[in-house]
Amino acid sequence: MLLAAATKPADWTVFVIASVIVLAGGLGVVSARHPVHSALFLVQTLFGVAVLFVEEAAQFLFAVQVIVYAGAIVVLFLFVIMLLGVGRPRERIVDVLKAQRPVALLIGVLGLAEFFGLINASVWATGTKSSAGQLTGPGSNVEKLGRSLFSTYLLAFEVTSALLVIAVVASVVLVRRPHAAADDEAREADAELERAG
């Protein structure tokens with residue numbers, strides 16, 4: 001009893017500090033002007049969430065958060081950002097769809113209304129049985145999660161990984177337009193003319 005009472009202020013302090021780190025990182029993600037800075041703020045947010053997982057004694061989720069999200073996913077984001085060449089000046093793009101912003105605002109307001117409606121819901125338990133099996137019983141949670149992920153949800157897991165690869169390739173293809181190649185050829189021709197002259 002004494003030990004539990006002694007750890008409560010420490011737990012509260014760690015929670016508050018990690019929460020401030022997460023909130024500051026989240027605000028930095030949406031407010032940073034440079035995409036690389038935004039990705040680094042995302043790393044800060046993900047590490048803060050990892051600390052919160054440790055606080056809740058969820059060591060497996062902590063490891064997944066650090067290795068998969070803060071490691072692999074953010075490295076993928078940075079790779080795509082660097083590949084697309086964000087530092088180069090670009091022409092300003094005019095919105096073709098004028099109704100796009102009001103529709104997005106309306107969808108955001110509806111999402112917030114649904115969120116607050118869910119908060120006010122008094123009953124959360126649905127009474128349905130778990131589709132992935134029992135959480136209790138013999139074996140570790142990691143073993144149960146792995147068995148469920150690579151048997152029941154294998155197709156969804158593979159489709160998600162394929163979609164991520166397709167998204168990276170599509171973003172590179174969309175940015176690498178033919179006129180950029182023509183501009184590069186013109187610059188090379190000018191450089192050769194200067195060398196010859």
# chains A, B, ... in the order shown; residues from 1 in each chain; ligands from 1
call {"tool": "residues_around", "arguments": {"residues": "range 15-22 of chain A", "least_positions_apart": "6", "cutoff": "12 Å", "atoms": "only C-alpha atoms", "output": "PDB file with N, CA and C atoms, in the first residue's frame"}}
result
ATOM      1  N   LYS A   8       2.505   6.821  -7.152  1.00  0.00           N
ATOM      2  CA  LYS A   8       1.475   7.594  -7.846  1.00  0.00           C
ATOM      3  C   LYS A   8       1.954   8.969  -8.290  1.00  0.00           C
ATOM      4  N   PRO A   9       2.637   9.762  -7.462  1.00  0.00           N
ATOM      5  CA  PRO A   9       3.126  11.059  -7.954  1.00  0.00           C
ATOM      6  C   PRO A   9       4.128  10.894  -9.100  1.00  0.00           C
ATOM      7  N   GLY A  28       3.374  20.619 -33.605  1.00  0.00           N
ATOM      8  CA  GLY A  28       4.487  20.865 -34.523  1.00  0.00           C
ATOM      9  C   GLY A  28       4.290  20.201 -35.873  1.00  0.00           C
ATOM     10  N   VAL A  29       3.678  19.007 -35.882  1.00  0.00           N
ATOM     11  CA  VAL A  29       3.434  18.298 -37.146  1.00  0.00           C
ATOM     12  C   VAL A  29       2.550  19.126 -38.062  1.00  0.00           C
ATOM     13  N   PHE A  41       8.896  16.294 -35.901  1.00  0.00           N
ATOM     14  CA  PHE A  41       7.893  16.469 -34.842  1.00  0.00           C
ATOM     15  C   PHE A  41       7.057  15.198 -34.685  1.00  0.00           C
ATOM     16  N   LEU A  42       6.814  14.492 -35.798  1.00  0.00           N
ATOM     17  CA  LEU A  42       6.086  13.224 -35.720  1.00  0.00           C
ATOM     18  C   LEU A  42       6.877  12.197 -34.918  1.00  0.00           C
ATOM     19  N   VAL A  43       8.193  12.175 -35.093  1.00  0.00           N
ATOM     20  CA  VAL A  43       9.039  11.285 -34.285  1.00  0.00           C
ATOM     21  C   VAL A  43       8.899  11.623 -32.810  1.00  0.00           C
ATOM     22  N   GLN A  44       8.893  12.913 -32.486  1.00  0.00           N
ATOM     23  CA  GLN A  44       8.723  13.335 -31.093  1.00  0.00           C
ATOM     24  C   GLN A  44       7.393  12.830 -30.539  1.00  0.00           C
ATOM     25  N   THR A  45       6.335  12.969 -31.327  1.00  0.00           N
ATOM     26  CA  THR A  45       5.018  12.511 -30.886  1.00  0.00           C
ATOM     27  C   THR A  45       5.009  11.007 -30.646  1.00  0.00           C
ATOM     28  N   LEU A  46       5.596  10.263 -31.577  1.00  0.00           N
ATOM     29  CA  LEU A  46       5.590   8.804 -31.449  1.00  0.00           C
ATOM     30  C   LEU A  46       6.412   8.338 -30.254  1.00  0.00           C
ATOM     31  N   PHE A  47       7.517   9.010 -29.958  1.00  0.00           N
ATOM     32  CA  PHE A  47       8.293   8.638 -28.777  1.00  0.00           C
ATOM     33  C   PHE A  47       7.544   8.975 -27.488  1.00  0.00           C
ATOM     34  N   GLY A  48       6.804  10.076 -27.484  1.00  0.00           N
ATOM     35  CA  GLY A  48       5.986  10.387 -26.314  1.00  0.00           C
ATOM     36  C   GLY A  48       4.914   9.348 -26.074  1.00  0.00           C
ATOM     37  N   VAL A  49       4.287   8.863 -27.159  1.00  0.00           N
ATOM     38  CA  VAL A  49       3.287   7.796 -27.032  1.00  0.00           C
ATOM     39  C   VAL A  49       3.948   6.510 -26.539  1.00  0.00           C
ATOM     40  N   ALA A  50       5.182   6.250 -26.981  1.00  0.00           N
ATOM     41  CA  ALA A  50       5.904   5.061 -26.511  1.00  0.00           C
ATOM     42  C   ALA A  50       6.139   5.133 -25.007  1.00  0.00           C
ATOM     43  N   VAL A  51       6.467   6.320 -24.497  1.00  0.00           N
ATOM     44  CA  VAL A  51       6.639   6.474 -23.045  1.00  0.00           C
ATOM     45  C   VAL A  51       5.322   6.213 -22.321  1.00  0.00           C
ATOM     46  N   LEU A  52       4.214   6.656 -22.899  1.00  0.00           N
ATOM     47  CA  LEU A  52       2.912   6.388 -22.286  1.00  0.00           C
ATOM     48  C   LEU A  52       2.606   4.888 -22.272  1.00  0.00           C
ATOM     49  N   PHE A  53       3.041   4.155 -23.308  1.00  0.00           N
ATOM     50  CA  PHE A  53       2.859   2.701 -23.298  1.00  0.00           C
ATOM     51  C   PHE A  53       3.662   2.050 -22.180  1.00  0.00           C
ATOM     52  N   VAL A  54       4.872   2.523 -21.950  1.00  0.00           N
ATOM     53  CA  VAL A  54       5.676   1.981 -20.844  1.00  0.00           C
ATOM     54  C   VAL A  54       4.998   2.284 -19.515  1.00  0.00           C
ATOM     55  N   GLU A  55       4.422   3.474 -19.413  1.00  0.00           N
ATOM     56  CA  GLU A  55       3.710   3.861 -18.191  1.00  0.00           C
ATOM     57  C   GLU A  55       2.551   2.922 -17.899  1.00  0.00           C
ATOM     58  N   GLU A  56       1.929   2.404 -18.949  1.00  0.00           N
ATOM     59  CA  GLU A  56       0.804   1.476 -18.790  1.00  0.00           C
ATOM     60  C   GLU A  56       1.241   0.012 -18.748  1.00  0.00           C
TER      61      GLU A  56
END
call {"tool": "select_by_dssp", "arguments": {"residues": "range 10-161 of chain A", "states": "helix (DSSP H, G or I)", "output": "number ranges by chain"}}
result
A: 10-31, 35-55, 59-84, 100-119, 141-152, 154-161
call {"tool": "write_last_selection", "arguments": {"atoms": "C-alpha atoms", "output": "short mmCIF file (atom, residue, chain, number, x, y, z; two decimals), in the first residue's frame"}}
result
data_model
loop_
_atom_site.label_atom_id
_atom_site.label_comp_id
_atom_site.auth_asym_id
_atom_site.auth_seq_id
_atom_site.Cartn_x
_atom_site.Cartn_y
_atom_site.Cartn_z
CA ALA A 10 5.95 9.65 -10.11
CA ASP A 11 3.44 8.00 -12.49
CA TRP A 12 1.45 11.23 -12.68
CA THR A 13 4.61 13.26 -13.39
CA VAL A 14 5.73 10.91 -16.18
CA PHE A 15 2.23 10.98 -17.67
CA VAL A 16 2.07 14.78 -17.66
CA ILE A 17 5.55 15.19 -19.19
CA ALA A 18 4.88 12.57 -21.87
CA SER A 19 1.50 14.11 -22.65
CA VAL A 20 3.05 17.56 -23.08
CA ILE A 21 5.67 16.04 -25.42
CA VAL A 22 2.94 14.32 -27.46
CA LEU A 23 0.78 17.46 -27.69
CA ALA A 24 3.73 19.70 -28.59
CA GLY A 25 4.85 17.23 -31.25
CA GLY A 26 1.34 16.98 -32.68
CA LEU A 27 1.05 20.76 -32.91
CA GLY A 28 4.49 20.86 -34.52
CA VAL A 29 3.43 18.30 -37.15
CA VAL A 30 0.54 20.43 -38.36
CA SER A 31 2.19 23.85 -37.94
CA PRO A 35 8.02 18.75 -44.35
CA VAL A 36 11.24 17.44 -42.80
CA HIS A 37 10.58 19.42 -39.62
CA SER A 38 7.04 18.05 -39.62
CA ALA A 39 8.38 14.48 -39.85
CA LEU A 40 10.76 15.14 -36.95
CA PHE A 41 7.89 16.47 -34.84
CA LEU A 42 6.09 13.22 -35.72
CA VAL A 43 9.04 11.29 -34.28
CA GLN A 44 8.72 13.34 -31.09
CA THR A 45 5.02 12.51 -30.89
CA LEU A 46 5.59 8.80 -31.45
CA PHE A 47 8.29 8.64 -28.78
CA GLY A 48 5.99 10.39 -26.31
CA VAL A 49 3.29 7.80 -27.03
CA ALA A 50 5.90 5.06 -26.51
CA VAL A 51 6.64 6.47 -23.05
CA LEU A 52 2.91 6.39 -22.29
CA PHE A 53 2.86 2.70 -23.30
CA VAL A 54 5.68 1.98 -20.84
CA GLU A 55 3.71 3.86 -18.19
CA GLN A 59 6.19 -3.20 -23.18
CA PHE A 60 5.33 -4.95 -26.45
CA LEU A 61 3.40 -1.92 -27.72
CA PHE A 62 6.32 0.27 -26.63
CA ALA A 63 8.72 -1.82 -28.73
CA VAL A 64 6.35 -1.82 -31.71
CA GLN A 65 5.88 1.95 -31.39
CA VAL A 66 9.62 2.63 -31.42
CA ILE A 67 10.69 0.05 -34.01
CA VAL A 68 7.80 0.16 -36.47
CA TYR A 69 6.38 3.66 -36.21
CA ALA A 70 9.21 5.92 -34.99
CA GLY A 71 11.74 3.85 -36.91
CA ALA A 72 10.45 2.39 -40.14
CA ILE A 73 7.42 4.54 -40.98
CA VAL A 74 9.10 7.89 -40.28
CA VAL A 75 12.21 6.80 -42.21
CA LEU A 76 9.89 5.94 -45.11
CA PHE A 77 8.28 9.40 -44.85
CA LEU A 78 11.69 11.10 -44.83
CA PHE A 79 12.86 8.98 -47.76
CA VAL A 80 9.84 10.01 -49.84
CA ILE A 81 10.22 13.67 -48.80
CA MET A 82 13.87 13.68 -49.85
CA LEU A 83 13.11 11.77 -53.04
CA LEU A 84 10.49 14.30 -54.06
CA GLN A 100 -13.16 21.19 -51.80
CA ARG A 101 -12.43 23.28 -48.69
CA PRO A 102 -16.05 23.79 -47.57
CA VAL A 103 -16.74 20.06 -48.02
CA ALA A 104 -13.63 19.21 -46.00
CA LEU A 105 -14.73 21.63 -43.28
CA LEU A 106 -18.20 20.05 -43.21
CA ILE A 107 -16.73 16.55 -42.94
CA GLY A 108 -14.48 17.73 -40.09
CA VAL A 109 -17.44 19.20 -38.19
CA LEU A 110 -19.42 15.97 -38.68
CA GLY A 111 -16.43 13.95 -37.43
CA LEU A 112 -16.20 16.11 -34.30
CA ALA A 113 -19.95 15.77 -33.71
CA GLU A 114 -19.63 11.99 -33.97
CA PHE A 115 -16.65 12.04 -31.60
CA PHE A 116 -18.54 14.01 -28.95
CA GLY A 117 -21.58 11.78 -29.46
CA LEU A 118 -19.41 8.74 -28.73
CA ILE A 119 -17.99 10.40 -25.62
CA ASN A 141 -0.03 -11.88 -25.49
CA VAL A 142 2.73 -11.53 -28.10
CA GLU A 143 2.22 -15.14 -29.19
CA LYS A 144 -1.56 -14.66 -29.44
CA LEU A 145 -1.15 -11.41 -31.36
CA GLY A 146 1.32 -13.00 -33.79
CA ARG A 147 -0.90 -16.03 -34.38
CA SER A 148 -3.91 -13.78 -35.00
CA LEU A 149 -2.01 -11.39 -37.26
CA PHE A 150 -0.43 -14.05 -39.45
CA SER A 151 -3.45 -16.35 -39.71
CA THR A 152 -6.80 -14.58 -39.34
CA LEU A 154 -2.89 -12.16 -42.96
CA LEU A 155 -4.70 -10.90 -46.08
CA ALA A 156 -5.43 -7.49 -44.52
CA PHE A 157 -1.82 -7.26 -43.33
CA GLU A 158 -0.44 -7.99 -46.81
CA VAL A 159 -2.92 -5.66 -48.55
CA THR A 160 -1.93 -2.84 -46.20
CA SER A 161 1.77 -3.34 -46.95
#
call {"tool": "decode", "arguments": {"residues": "range 1-46 of chain A", "atoms": "C-alpha atoms", "output": "compact mmCIF listing (two decimals), in the first residue's frame"}}
result
# COMPACT_ATOMS: atom_id res chain seq x y z
CA MET A 1 0.00 0.00 0.00
CA LEU A 2 2.84 2.37 0.87
CA LEU A 3 4.69 1.52 -2.34
CA ALA A 4 1.59 2.15 -4.47
CA ALA A 5 1.03 5.49 -2.77
CA ALA A 6 4.69 6.43 -3.31
CA THR A 7 4.64 5.65 -7.05
CA LYS A 8 1.47 7.59 -7.85
CA PRO A 9 3.13 11.06 -7.95
CA ALA A 10 5.95 9.65 -10.11
CA ASP A 11 3.44 8.00 -12.49
CA TRP A 12 1.45 11.23 -12.68
CA THR A 13 4.61 13.26 -13.39
CA VAL A 14 5.73 10.91 -16.18
CA PHE A 15 2.23 10.98 -17.67
CA VAL A 16 2.07 14.78 -17.66
CA ILE A 17 5.55 15.19 -19.19
CA ALA A 18 4.88 12.57 -21.87
CA SER A 19 1.50 14.11 -22.65
CA VAL A 20 3.05 17.56 -23.08
CA ILE A 21 5.67 16.04 -25.42
CA VAL A 22 2.94 14.32 -27.46
CA LEU A 23 0.78 17.46 -27.69
CA ALA A 24 3.73 19.70 -28.59
CA GLY A 25 4.85 17.23 -31.25
CA GLY A 26 1.34 16.98 -32.68
CA LEU A 27 1.05 20.76 -32.91
CA GLY A 28 4.49 20.86 -34.52
CA VAL A 29 3.43 18.30 -37.15
CA VAL A 30 0.54 20.43 -38.36
CA SER A 31 2.19 23.85 -37.94
CA ALA A 32 5.71 23.24 -39.31
CA ARG A 33 6.27 24.79 -42.71
CA HIS A 34 9.01 22.40 -43.84
CA PRO A 35 8.02 18.75 -44.35
CA VAL A 36 11.24 17.44 -42.80
CA HIS A 37 10.58 19.42 -39.62
CA SER A 38 7.04 18.05 -39.62
CA ALA A 39 8.38 14.48 -39.85
CA LEU A 40 10.76 15.14 -36.95
CA PHE A 41 7.89 16.47 -34.84
CA LEU A 42 6.09 13.22 -35.72
CA VAL A 43 9.04 11.29 -34.28
CA GLN A 44 8.72 13.34 -31.09
CA THR A 45 5.02 12.51 -30.89
CA LEU A 46 5.59 8.80 -31.45
